[in-house]
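Chemist: What follows is the file upload.txt, containing compact mmCIF, C-alpha atoms:
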```txt
# COMPACT_ATOMS: atom_id res chain seq x y z
CA LEU A 152 0.00 0.00 0.00
CA MET A 153 2.70 2.48 0.93
CA ALA A 154 4.84 1.77 -2.14
CA LEU A 155 2.28 2.34 -4.92
CA GLY A 156 3.99 4.03 -7.84
CA ALA A 157 7.46 2.78 -6.96
CA PHE A 158 6.95 0.21 -9.73
CA PRO A 159 4.57 1.16 -12.58
CA ASP A 160 1.11 -0.37 -12.30
CA SER A 161 1.03 -0.78 -16.08
CA HIS A 162 4.19 -2.92 -16.21
CA GLU A 163 3.55 -6.51 -17.32
CA LEU A 164 5.42 -7.85 -14.28
CA HIS A 165 3.22 -5.91 -11.84
CA VAL A 166 0.73 -8.35 -10.31
CA GLY A 167 -0.88 -5.94 -7.87
CA MET A 168 -0.85 -4.86 -4.26
CA PRO A 169 -0.65 -7.61 -1.62
CA GLY A 170 -2.36 -7.58 1.75
CA MET A 171 -5.70 -7.87 3.51
CA HIS A 172 -7.40 -6.13 0.57
CA GLY A 173 -4.73 -6.94 -1.99
CA ALA A 174 -5.12 -8.39 -5.46
CA VAL A 175 -5.73 -12.14 -5.50
CA THR A 176 -2.69 -12.71 -7.72
CA ALA A 177 -0.34 -10.70 -5.48
CA VAL A 178 -1.51 -12.39 -2.29
CA THR A 179 -1.33 -15.85 -3.85
CA ALA A 180 2.07 -15.20 -5.44
CA LEU A 181 3.54 -14.56 -1.99
CA GLN A 182 1.82 -17.65 -0.56
CA LYS A 183 3.25 -19.92 -3.26
CA ALA A 184 6.63 -18.26 -3.82
CA ASP A 185 9.88 -20.08 -3.02
CA LEU A 186 11.85 -16.83 -2.72
CA ILE A 187 10.75 -13.39 -1.54
CA VAL A 188 13.06 -10.39 -1.76
CA ALA A 189 11.58 -7.79 0.60
CA LEU A 190 12.92 -4.24 0.43
CA GLY A 191 11.91 -1.98 3.30
CA ALA A 192 8.92 -4.18 4.16
CA ARG A 193 7.74 -4.80 7.72
CA PHE A 194 5.84 -8.08 7.24
CA ASP A 195 3.00 -6.51 9.20
CA ASP A 196 -0.25 -8.40 9.76
CA ARG A 197 -2.11 -6.48 7.03
CA VAL A 198 0.20 -8.15 4.50
CA THR A 199 0.92 -11.51 6.09
CA GLY A 200 -2.50 -12.49 7.39
CA ARG A 201 -1.99 -15.14 10.07
CA LEU A 202 1.76 -14.99 10.38
CA ASP A 203 2.43 -18.69 10.93
CA SER A 204 0.78 -19.51 7.60
CA PHE A 205 2.38 -16.74 5.53
CA ALA A 206 4.51 -17.76 2.50
CA PRO A 207 5.23 -21.26 3.88
CA TYR A 208 7.56 -22.29 1.02
CA ALA A 209 9.61 -19.09 0.78
CA LYS A 210 13.15 -18.23 1.67
CA ILE A 211 13.30 -14.58 2.72
CA VAL A 212 15.86 -12.00 1.64
CA HIS A 213 14.99 -9.01 3.84
CA ALA A 214 16.68 -5.65 3.35
CA ASP A 215 15.93 -2.68 5.59
CA ILE A 216 17.76 0.43 6.74
CA ASP A 217 16.56 -0.29 10.31
CA PRO A 218 18.11 -3.48 11.71
CA ALA A 219 15.31 -3.74 14.28
CA GLU A 220 12.82 -4.52 11.48
CA ILE A 221 14.74 -7.54 10.18
CA GLY A 222 13.48 -10.75 11.72
CA LYS A 223 10.95 -8.91 13.89
CA ASN A 224 7.95 -10.71 12.38
CA ARG A 225 9.35 -13.17 9.85
CA ALA A 226 12.78 -14.72 10.16
CA ALA A 227 15.12 -13.64 7.37
CA ASP A 228 17.23 -16.28 5.63
CA VAL A 229 19.40 -13.50 4.19
CA PRO A 230 19.33 -10.32 6.30
CA ILE A 231 20.68 -7.14 4.67
CA VAL A 232 20.96 -3.84 6.54
CA GLY A 233 21.28 -0.89 4.19
CA ASP A 234 19.69 1.84 2.13
CA ALA A 235 17.32 0.46 -0.53
CA ARG A 236 19.00 2.37 -3.36
CA GLU A 237 22.40 0.82 -2.55
CA VAL A 238 20.99 -2.62 -1.80
CA ILE A 239 19.11 -2.78 -5.11
CA ALA A 240 22.21 -1.69 -7.03
CA ASP A 241 24.27 -4.43 -5.37
CA LEU A 242 21.56 -7.05 -5.98
CA VAL A 243 21.41 -6.07 -9.66
CA GLN A 244 25.16 -6.58 -9.96
CA ALA A 245 24.92 -9.94 -8.22
CA VAL A 246 22.16 -11.12 -10.59
CA GLN A 247 24.07 -9.82 -13.62
CA LYS A 248 27.10 -11.87 -12.54
CA GLU A 249 24.92 -14.96 -12.16
CA HIS A 250 23.62 -14.45 -15.69
CA SER A 251 27.09 -13.86 -17.11
CA ASP A 252 28.17 -17.12 -15.47
CA GLY A 253 25.36 -18.90 -17.29
CA HIS A 254 23.00 -19.26 -14.32
CA THR A 255 19.55 -18.15 -15.46
CA GLY A 256 16.20 -19.38 -14.22
CA ASP A 257 13.24 -20.67 -16.18
CA TYR A 258 10.13 -18.92 -14.87
CA SER A 259 7.73 -19.88 -17.66
CA ALA A 260 5.68 -22.28 -15.52
CA TRP A 261 5.49 -19.73 -12.71
CA TRP A 262 4.27 -17.04 -15.08
CA LYS A 263 1.65 -19.41 -16.51
CA ASP A 264 0.24 -19.73 -13.00
CA LEU A 265 0.46 -16.00 -12.27
CA ASN A 266 -1.21 -15.05 -15.54
CA ARG A 267 -3.94 -17.64 -15.04
CA TRP A 268 -4.75 -16.20 -11.60
CA ARG A 269 -4.56 -12.67 -12.96
CA GLU A 270 -7.02 -13.49 -15.76
CA THR A 271 -9.38 -15.52 -13.57
CA TYR A 272 -9.52 -13.16 -10.58
CA PRO A 273 -9.00 -9.59 -11.82
CA LEU A 274 -10.01 -6.57 -9.79
CA GLY A 275 -13.53 -5.47 -10.58
CA TYR A 276 -16.80 -4.15 -9.25
CA GLU A 277 -20.52 -4.22 -10.01
CA GLN A 278 -22.71 -1.23 -10.71
CA PRO A 279 -25.48 -0.70 -8.12
CA ASP A 280 -28.89 -2.05 -9.18
CA ASN A 281 -30.69 1.14 -8.15
CA GLY A 282 -28.79 3.39 -10.55
CA SER A 283 -26.79 5.16 -7.84
CA LEU A 284 -23.11 5.95 -8.20
CA SER A 285 -20.57 3.20 -7.68
CA PRO A 286 -17.77 4.50 -5.42
CA GLN A 287 -15.23 2.44 -7.35
CA GLN A 288 -16.33 4.01 -10.63
CA VAL A 289 -16.11 7.50 -9.16
CA ILE A 290 -12.54 6.96 -7.99
CA GLU A 291 -11.56 5.22 -11.22
CA ARG A 292 -12.85 8.15 -13.31
CA VAL A 293 -11.14 10.71 -11.07
CA GLY A 294 -7.90 8.87 -11.78
CA GLN A 295 -8.53 8.50 -15.50
CA LEU A 296 -9.49 12.15 -16.02
CA ALA A 297 -6.73 13.62 -13.86
CA PRO A 298 -3.86 15.40 -15.66
CA GLU A 299 -0.60 13.51 -16.05
CA GLY A 300 1.57 13.70 -12.94
CA THR A 301 -1.36 14.20 -10.56
CA ILE A 302 -0.63 13.48 -6.89
CA PHE A 303 -3.29 11.58 -4.96
CA ALA A 304 -3.76 11.50 -1.20
CA ALA A 305 -6.31 9.31 0.57
CA GLY A 306 -7.78 9.02 4.03
CA VAL A 307 -8.42 5.70 5.75
CA GLY A 308 -11.14 3.18 5.03
CA GLN A 309 -12.97 1.84 2.01
CA HIS A 310 -12.15 4.84 -0.18
CA GLN A 311 -8.47 4.32 0.66
CA MET A 312 -8.51 0.75 -0.65
CA TRP A 313 -10.51 1.69 -3.75
CA ALA A 314 -8.07 4.52 -4.47
CA ALA A 315 -5.22 2.02 -4.17
CA HIS A 316 -6.91 -0.38 -6.59
CA TYR A 317 -8.65 1.76 -9.19
CA ILE A 318 -6.19 4.60 -9.81
CA GLN A 319 -3.12 3.80 -11.91
CA TYR A 320 0.15 4.82 -10.27
CA GLU A 321 3.02 5.03 -12.71
CA LYS A 322 5.59 7.14 -10.85
CA PRO A 323 6.93 7.37 -7.31
CA ALA A 324 5.63 10.07 -4.96
CA THR A 325 2.23 10.30 -6.67
CA TRP A 326 0.42 8.43 -3.85
CA LEU A 327 0.33 9.75 -0.30
CA ASN A 328 -1.16 7.54 2.36
CA SER A 329 -1.16 7.02 6.10
CA GLY A 330 0.55 3.79 7.14
CA GLY A 331 0.80 2.16 10.53
CA ALA A 332 -2.45 2.45 12.43
CA GLY A 333 -3.92 4.57 9.64
CA THR A 334 -5.06 8.09 10.47
CA MET A 335 -8.55 9.18 9.49
CA GLY A 336 -8.47 12.77 8.32
CA TYR A 337 -5.10 12.40 6.62
CA ALA A 338 -6.16 13.22 3.06
CA VAL A 339 -6.91 16.97 3.16
CA PRO A 340 -3.80 18.13 5.08
CA ALA A 341 -1.60 15.70 3.10
CA ALA A 342 -2.97 17.08 -0.15
CA MET A 343 -2.41 20.60 1.14
CA GLY A 344 1.23 19.86 1.88
CA ALA A 345 1.71 18.17 -1.48
CA LYS A 346 0.25 21.13 -3.37
CA ALA A 347 2.39 23.57 -1.39
CA GLY A 348 5.45 21.51 -2.23
CA ALA A 349 4.54 20.86 -5.87
CA PRO A 350 2.40 23.85 -6.91
CA ASP A 351 2.55 22.99 -10.61
CA GLN A 352 1.03 19.54 -10.15
CA THR A 353 -2.66 18.74 -9.73
CA VAL A 354 -3.40 17.29 -6.30
CA TRP A 355 -6.53 15.26 -5.52
CA ALA A 356 -7.57 14.21 -2.04
CA ILE A 357 -9.74 11.08 -2.11
CA ASP A 358 -11.66 11.20 1.16
CA GLY A 359 -14.57 9.54 2.90
CA ASP A 360 -17.46 11.42 4.46
CA GLY A 361 -16.25 10.31 7.90
CA CYS A 362 -12.61 11.22 7.32
CA PHE A 363 -13.48 14.55 5.73
CA GLN A 364 -15.28 15.72 8.87
CA MET A 365 -12.09 15.37 10.90
CA THR A 366 -9.83 17.83 9.04
CA ASN A 367 -11.95 19.73 6.51
CA GLN A 368 -11.26 22.98 8.40
CA GLU A 369 -7.85 22.99 6.68
CA LEU A 370 -9.67 23.98 3.49
CA THR A 371 -9.75 27.46 5.01
CA THR A 372 -5.97 27.36 5.15
CA CYS A 373 -5.92 26.29 1.51
CA ALA A 374 -8.29 29.05 0.43
CA LEU A 375 -6.46 31.80 2.31
CA ASN A 376 -3.01 30.71 1.15
CA ASN A 377 -3.78 29.95 -2.51
CA ILE A 378 -3.37 26.18 -2.27
CA PRO A 379 -5.95 24.95 -4.80
CA ILE A 380 -6.32 21.28 -4.00
CA LYS A 381 -9.23 19.17 -5.23
CA VAL A 382 -11.22 16.93 -2.87
CA ALA A 383 -13.40 14.00 -3.88
CA ILE A 384 -15.67 13.01 -0.99
CA ILE A 385 -16.90 9.43 -1.37
CA ASN A 386 -20.12 9.99 0.54
CA ASN A 387 -21.88 6.73 1.38
CA GLY A 388 -23.48 8.01 4.58
CA ALA A 389 -21.41 5.67 6.75
CA LEU A 390 -18.08 4.88 8.29
CA GLY A 391 -17.80 2.44 5.44
CA MET A 392 -15.03 0.04 6.42
CA VAL A 393 -16.35 -0.46 9.94
CA ARG A 394 -19.83 -0.89 8.50
CA GLN A 395 -18.45 -3.53 6.11
CA TRP A 396 -17.07 -5.50 9.05
CA GLN A 397 -20.37 -5.13 10.90
CA THR A 398 -22.14 -6.51 7.83
CA LEU A 399 -19.79 -9.44 7.34
CA PHE A 400 -18.86 -10.42 10.89
CA TYR A 401 -21.42 -8.92 13.28
CA ASN A 402 -24.76 -9.95 11.76
CA GLN A 403 -25.48 -6.43 10.48
CA ARG A 404 -25.57 -4.94 13.96
CA TYR A 405 -24.72 -1.40 12.91
CA SER A 406 -23.33 0.48 15.86
CA ASN A 407 -22.14 4.07 15.48
CA THR A 408 -21.33 3.73 11.78
CA ARG A 409 -24.34 5.40 10.18
CA LEU A 410 -23.81 9.00 9.12
CA HIS A 411 -26.03 11.16 6.88
CA THR A 412 -25.39 11.98 3.24
CA ARG A 413 -26.91 15.48 3.61
CA VAL A 414 -25.94 16.52 7.12
CA PRO A 415 -23.59 18.24 7.17
CA ASP A 416 -23.97 19.72 3.69
CA PHE A 417 -20.46 19.41 2.29
CA VAL A 418 -21.14 21.79 -0.59
CA LYS A 419 -22.15 24.55 1.83
CA ILE A 420 -19.16 23.77 4.06
CA ALA A 421 -16.83 24.13 1.07
CA GLU A 422 -18.40 27.42 0.02
CA ALA A 423 -18.26 28.76 3.58
CA MET A 424 -14.50 28.18 3.60
CA GLY A 425 -13.83 29.97 0.34
CA CYS A 426 -13.85 26.91 -1.91
CA ILE A 427 -15.95 25.77 -4.86
CA GLY A 428 -18.52 23.18 -3.78
CA LEU A 429 -20.00 20.68 -6.25
CA ARG A 430 -22.23 17.64 -5.92
CA CYS A 431 -22.61 14.58 -8.14
CA GLU A 432 -25.30 11.93 -7.76
CA SER A 433 -25.53 10.25 -11.18
CA VAL A 434 -23.31 8.47 -13.66
CA ALA A 435 -24.57 10.83 -16.38
CA ASP A 436 -22.98 13.81 -14.61
CA LEU A 437 -19.82 12.10 -13.42
CA ASP A 438 -17.31 13.08 -16.10
CA ALA A 439 -18.63 16.62 -16.46
CA VAL A 440 -18.31 17.32 -12.74
CA ILE A 441 -14.78 15.89 -12.58
CA ASP A 442 -13.76 17.87 -15.68
CA LYS A 443 -15.12 21.04 -14.11
CA ALA A 444 -13.07 20.44 -10.96
CA ASN A 445 -9.94 19.83 -13.04
CA SER A 446 -10.50 23.11 -14.88
CA ILE A 447 -10.60 25.24 -11.70
CA ASN A 448 -7.14 26.16 -10.50
CA ASP A 449 -7.60 29.43 -8.60
CA ARG A 450 -9.16 27.98 -5.44
CA PRO A 451 -9.83 24.62 -3.78
CA VAL A 452 -12.65 22.47 -5.17
CA VAL A 453 -14.74 19.97 -3.20
CA ILE A 454 -17.02 17.42 -4.88
CA ASP A 455 -19.62 15.61 -2.79
CA PHE A 456 -20.11 12.28 -4.59
CA ILE A 457 -23.26 10.58 -3.26
CA VAL A 458 -22.51 6.87 -3.70
CA HIS A 459 -24.14 3.54 -2.94
CA GLU A 460 -23.91 2.69 0.76
CA ASP A 461 -23.55 -1.09 0.46
CA ALA A 462 -20.46 -1.27 -1.78
CA MET A 463 -17.68 -3.34 -0.23
CA VAL A 464 -13.95 -3.64 -0.69
CA TRP A 465 -12.87 -6.89 -2.33
CA PRO A 466 -10.70 -8.95 -2.36
CA MET A 467 -10.44 -9.51 1.38
CA VAL A 468 -8.55 -11.66 3.85
CA ALA A 469 -10.51 -11.64 7.11
CA ALA A 470 -8.52 -10.55 10.16
CA GLY A 471 -6.73 -13.41 11.88
CA THR A 472 -7.09 -15.84 8.98
CA SER A 473 -4.56 -17.21 6.52
CA ASN A 474 -3.90 -15.53 3.20
CA ASP A 475 -4.83 -18.90 1.70
CA GLU A 476 -8.43 -18.04 2.66
CA ILE A 477 -8.61 -14.89 0.53
CA MET A 478 -12.04 -14.08 -0.86
CA ALA A 479 -12.14 -12.63 -4.38
CA ALA A 480 -15.65 -11.30 -3.73
CA ARG A 481 -18.43 -11.98 -1.25
CA ASP A 482 -18.89 -15.76 -1.01
CA VAL A 483 -16.31 -16.29 -3.79
CA ARG A 484 -13.28 -18.28 -2.65
CA PRO A 485 -10.68 -18.65 -5.44
CA ASP A 486 -9.94 -22.18 -6.62
CA PHE A 487 -6.30 -22.27 -7.55
CA GLY A 488 -6.18 -25.98 -8.30
CA PRO A 489 -3.06 -27.66 -9.67
CA SER A 490 -0.78 -25.69 -11.94
CA GLU A 491 -0.84 -26.37 -15.66
CA ASP A 492 2.35 -28.33 -15.21
CA GLY A 493 0.83 -30.43 -12.42
```
Would you write out, as structure tokens, the structure that this file holds?
Modeler:
Amino acid sequence: LMALGAFPDSHELHVGMPGMHGAVTAVTALQKADLIVALGARFDDRVTGRLDSFAPYAKIVHADIDPAEIGKNRAADVPIVGDAREVIADLVQAVQKEHSDGHTGDYSAWWKDLNRWRETYPLGYEQPDNGSLSPQQVIERVGQLAPEGTIFAAGVGQHQMWAAHYIQYEKPATWLNSGGAGTMGYAVPAAMGAKAGAPDQTVWAIDGDGCFQMTNQELTTCALNNIPIKVAIINNGALGMVRQWQTLFYNQRYSNTRLHTRVPDFVKIAEAMGCIGLRCESVADLDAVIDKANSINDRPVVIDFIVHEDAMVWPMVAAGTSNDEIMAARDVRPDFGPSEDG
């Protein structure tokens, strides 16, 4: 999640983000790998699932600048303490020497498996039956219509995972996100800092209606200091990720997760703070509203996207379970079966 853009999403070798809400192919690739080279990774529980079942066949080459991270969660077969830039350069030289000595691997069978999983279980979403906006489509179109080089910041929750999945990240430092415990309210101030630091680049904050209410007052700072960020509020009238867990694991006992799509009125809040406030409720208006936001560069713009409340983030590995139990969608457990080579 934190490294999106470090390796281009469009590259043929990119199989997706791993983790609790990672792509099926990425999660499964780690589970079935015989070697993992981890650069600056923590092997935290959001990536490993149940730790004792994570990547059972893999030898681990773990490089980190902080020696305390190495072996903290997963024992490293080859520990390397160093800066990633220098470590990668040395690893490249080591691999080049292996190749020059005639030692090259045959990965054709492995790539047959990876490509089969990638084709069978791609990321995707369904449009709501009632004609309301799909949050995934909103975020996907924001990404597709954004100018080249746009920086995206996201809060924490469902919109965060959808922004990770449905926006293409091709360059480093174009995705800003809160790691660790994950801080709701991160998107607006992060976007503000990004725009101040890179004033010639478009900056979008992808935020939830819950997150937005925690730090939206910083829009005043943006308006008064000529920091024209753009904010997409994915307004499903709920603390969406917690509500998703309450739906899946707590028999739909919704406690303290229901908000209101109209109270507060985010358009009026934006206008009161010196910003442009827009609202979008239909697919027919989606592109036009996003294009309008992209065309305004003299003040901050806030779009209140009213989206379907029951959309969920998939794939998903339930907390405390093995990555082998990943669900591609609700009630859809991938069947990996034997490889084509047996």
Chemist: Out of A:Val453, A:Ala347, A:Val289, A:Leu202, which residue has the shortest atom-to-atom distance to Lys419 of chain A when counting only C-alpha atoms?
Modeler: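 Ranking A:Val453, A:Ala347, A:Val289, A:Leu202 by distance to Lys419 of chain A, first place goes to A:Val453.
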Chemist: Anything within 9 Å of (8.5, -16.5, -1.9): list those residues as a list in words, counting only C-alpha atoms and sticking to the file's coordinates.
Modeler: Ala180, Leu181, Gln182, Lys183, Ala184, Asp185, Leu186, Ile187, Val188, Ala206, Pro207, Tyr208, Ala209, Lys210 and Ile211 of chain A
Chemist: What does the structure give for the distance between atom CA of Thr271 of chain A and atom CA of Ala174 of chain A, in Å to one decimal?
Modeler: 11.6 Å
Chemist: What is the distance, in Å and to one decimal place, between atom CA of Leu152 of chain A and atom CA of Ala341 of chain A?
Modeler: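 Rounded to one decimal, the two atoms are 16.1 Å apart.
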Chemist: His411 of chain A: which residues within 10 Å, counting all atoms listed in the file, same-chain residues fewer than 6 positions away excluded, as a PyMOL selection string?
Modeler: chain A and resi 360-361+386-389
Chemist: Can you work out the spacing between atom CA of Arg404 of chain A and atom CA of Val198 of chain A in Å, to one decimal?
Modeler: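 So the answer is 27.6 Å.
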Chemist: Tell me, as a list in words, which residues lie within 6 Å of Ile384 of chain A, counting only C-alpha atoms; anything in the same chain fewer than 4 positions away does not count.
Modeler: Asp358, Gly359, Asp360, Asp455 and Phe456 of chain A
Chemist: I'd like the contact shell of Asp442 of chain A - 10 Å cut-off, only C-alpha atoms, skipping same-chain residues fewer than 5 positions apart - returned as a VMD selection string.
Modeler: chain A and resid 293 296 to 297 437 447
Chemist: Find the residues near Ala342 of chain A: any atom within 7 Å, counting all atoms listed in the file, skip ones fewer than 5 places away on the same chain, and give them as a PyMOL selection string.
Modeler: chain A and resi 304+354-356+380
Chemist: Could you save the residues just selected, with C-alpha atoms, as a CSV table (one decimal), keeping the file's coordinate frame?
Modeler:
```csv
chain,number,residue,atom,x,y,z
A,304,ALA,CA,-3.8,11.5,-1.2
A,354,VAL,CA,-3.4,17.3,-6.3
A,355,TRP,CA,-6.5,15.3,-5.5
A,356,ALA,CA,-7.6,14.2,-2.0
A,380,ILE,CA,-6.3,21.3,-4.0
```
Chemist: Ranking A:Asn377, A:Thr472, A:Asn448, A:Thr176 by minimum distance to Lys263 of chain A and counting all atoms listed in the file, which one comes first?
Modeler: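 The closest residue to Lys263 of chain A is A:Thr176.
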Chemist: So, counting all atoms listed in the file, which residue among A:Ile302, A:Ile231, A:Met343, A:Ile239 is closest to Ala324 of chain A?
Modeler: A:Ile302
Chemist: Identify which of the residues A:Val229, A:Val307, A:Ala439, A:Gly253 lies closest to Gly331 of chain A, counting only C-alpha atoms when measuring atom-to-atom distances.
Modeler: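 For Gly331 of chain A, the nearest of the given residues is A:Val307.
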Chemist: Which one is closest to Gly173 of chain A: A:Leu370, A:Ala226, A:Ala479, A:Ile357? Count all atoms listed in the file.
Modeler: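 Closest residue, counting all atoms listed in the file: A:Ala479.
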Chemist: Choose the residue, out of A:Pro286, A:Gly344, A:Pro159, A:Pro415, that has the smallest atom-to-atom separation from Thr372 of chain A; count all atoms listed in the file.
Modeler: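 Closest candidate: A:Gly344.
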Chemist: Quick one: everything within 9 Å of Tyr405 of chain A, counting all atoms listed in the file, minus sequence neighbours fewer than 4 positions away in the same chain. Send it as a list in words.
Modeler: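 Listed by chain and then number, they are Val393, Arg394, Gln397, Thr398, Tyr401 and Arg409 of chain A.
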Chemist: How would segment 461-469 of chain A look with all heavy atoms restored, written as an mmCIF file, in the frame of the given file?
Modeler:
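Written file, part-v7.cif:
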```cif
data_model
loop_
_atom_site.group_PDB
_atom_site.id
_atom_site.type_symbol
_atom_site.label_atom_id
_atom_site.label_comp_id
_atom_site.auth_asym_id
_atom_site.auth_seq_id
_atom_site.Cartn_x
_atom_site.Cartn_y
_atom_site.Cartn_z
ATOM 1 N N ASP A 461 -23.851 0.315 0.168
ATOM 2 C CA ASP A 461 -23.550 -1.090 0.460
ATOM 3 C C ASP A 461 -22.343 -1.628 -0.293
ATOM 4 O O ASP A 461 -22.043 -2.823 -0.188
ATOM 5 C CB ASP A 461 -24.765 -1.964 0.148
ATOM 6 C CG ASP A 461 -25.903 -1.747 1.145
ATOM 7 O OD1 ASP A 461 -25.593 -1.473 2.323
ATOM 8 O OD2 ASP A 461 -27.076 -1.832 0.745
ATOM 9 N N ALA A 462 -21.646 -0.804 -1.063
ATOM 10 C CA ALA A 462 -20.460 -1.270 -1.780
ATOM 11 C C ALA A 462 -19.392 -1.720 -0.781
ATOM 12 O O ALA A 462 -19.212 -1.105 0.273
ATOM 13 C CB ALA A 462 -19.907 -0.170 -2.676
ATOM 14 N N MET A 463 -18.715 -2.800 -1.114
ATOM 15 C CA MET A 463 -17.680 -3.340 -0.230
ATOM 16 C C MET A 463 -16.349 -3.431 -0.946
ATOM 17 O O MET A 463 -16.286 -3.441 -2.171
ATOM 18 C CB MET A 463 -18.079 -4.726 0.279
ATOM 19 C CG MET A 463 -19.252 -4.740 1.221
ATOM 20 S SD MET A 463 -19.428 -6.365 2.020
ATOM 21 C CE MET A 463 -20.925 -6.104 2.952
ATOM 22 N N VAL A 464 -15.302 -3.493 -0.150
ATOM 23 C CA VAL A 464 -13.950 -3.640 -0.690
ATOM 24 C C VAL A 464 -13.629 -5.122 -0.818
ATOM 25 O O VAL A 464 -13.660 -5.872 0.164
ATOM 26 C CB VAL A 464 -12.907 -2.968 0.226
ATOM 27 C CG1 VAL A 464 -11.502 -3.167 -0.347
ATOM 28 C CG2 VAL A 464 -13.204 -1.486 0.395
ATOM 29 N N TRP A 465 -13.341 -5.531 -2.042
ATOM 30 C CA TRP A 465 -12.870 -6.890 -2.330
ATOM 31 C C TRP A 465 -11.666 -6.792 -3.256
ATOM 32 O O TRP A 465 -11.563 -5.841 -4.005
ATOM 33 C CB TRP A 465 -13.984 -7.723 -2.994
ATOM 34 C CG TRP A 465 -15.207 -7.855 -2.164
ATOM 35 C CD1 TRP A 465 -16.382 -7.175 -2.306
ATOM 36 C CD2 TRP A 465 -15.391 -8.721 -1.033
ATOM 37 N NE1 TRP A 465 -17.283 -7.555 -1.345
ATOM 38 C CE2 TRP A 465 -16.706 -8.500 -0.551
ATOM 39 C CE3 TRP A 465 -14.574 -9.653 -0.389
ATOM 40 C CZ2 TRP A 465 -17.206 -9.188 0.555
ATOM 41 C CZ3 TRP A 465 -15.081 -10.337 0.697
ATOM 42 C CH2 TRP A 465 -16.368 -10.100 1.165
ATOM 43 N N PRO A 466 -10.775 -7.749 -3.187
ATOM 44 C CA PRO A 466 -10.700 -8.950 -2.360
ATOM 45 C C PRO A 466 -10.517 -8.629 -0.879
ATOM 46 O O PRO A 466 -10.272 -7.488 -0.513
ATOM 47 C CB PRO A 466 -9.483 -9.697 -2.916
ATOM 48 C CG PRO A 466 -9.259 -9.110 -4.285
ATOM 49 C CD PRO A 466 -9.677 -7.686 -4.175
ATOM 50 N N MET A 467 -10.588 -9.704 -0.057
ATOM 51 C CA MET A 467 -10.440 -9.510 1.380
ATOM 52 C C MET A 467 -9.946 -10.788 2.047
ATOM 53 O O MET A 467 -10.414 -11.883 1.738
ATOM 54 C CB MET A 467 -11.776 -9.105 1.998
ATOM 55 C CG MET A 467 -11.699 -8.824 3.502
ATOM 56 S SD MET A 467 -13.282 -8.250 4.165
ATOM 57 C CE MET A 467 -12.795 -7.851 5.856
ATOM 58 N N VAL A 468 -8.969 -10.606 2.938
ATOM 59 C CA VAL A 468 -8.550 -11.660 3.850
ATOM 60 C C VAL A 468 -9.040 -11.249 5.232
ATOM 61 O O VAL A 468 -8.618 -10.213 5.755
ATOM 62 C CB VAL A 468 -7.018 -11.847 3.871
ATOM 63 C CG1 VAL A 468 -6.625 -12.940 4.871
ATOM 64 C CG2 VAL A 468 -6.494 -12.167 2.480
ATOM 65 N N ALA A 469 -9.949 -12.006 5.806
ATOM 66 C CA ALA A 469 -10.510 -11.640 7.110
ATOM 67 C C ALA A 469 -9.403 -11.607 8.157
ATOM 68 O O ALA A 469 -8.436 -12.381 8.107
ATOM 69 C CB ALA A 469 -11.588 -12.625 7.513
#
```
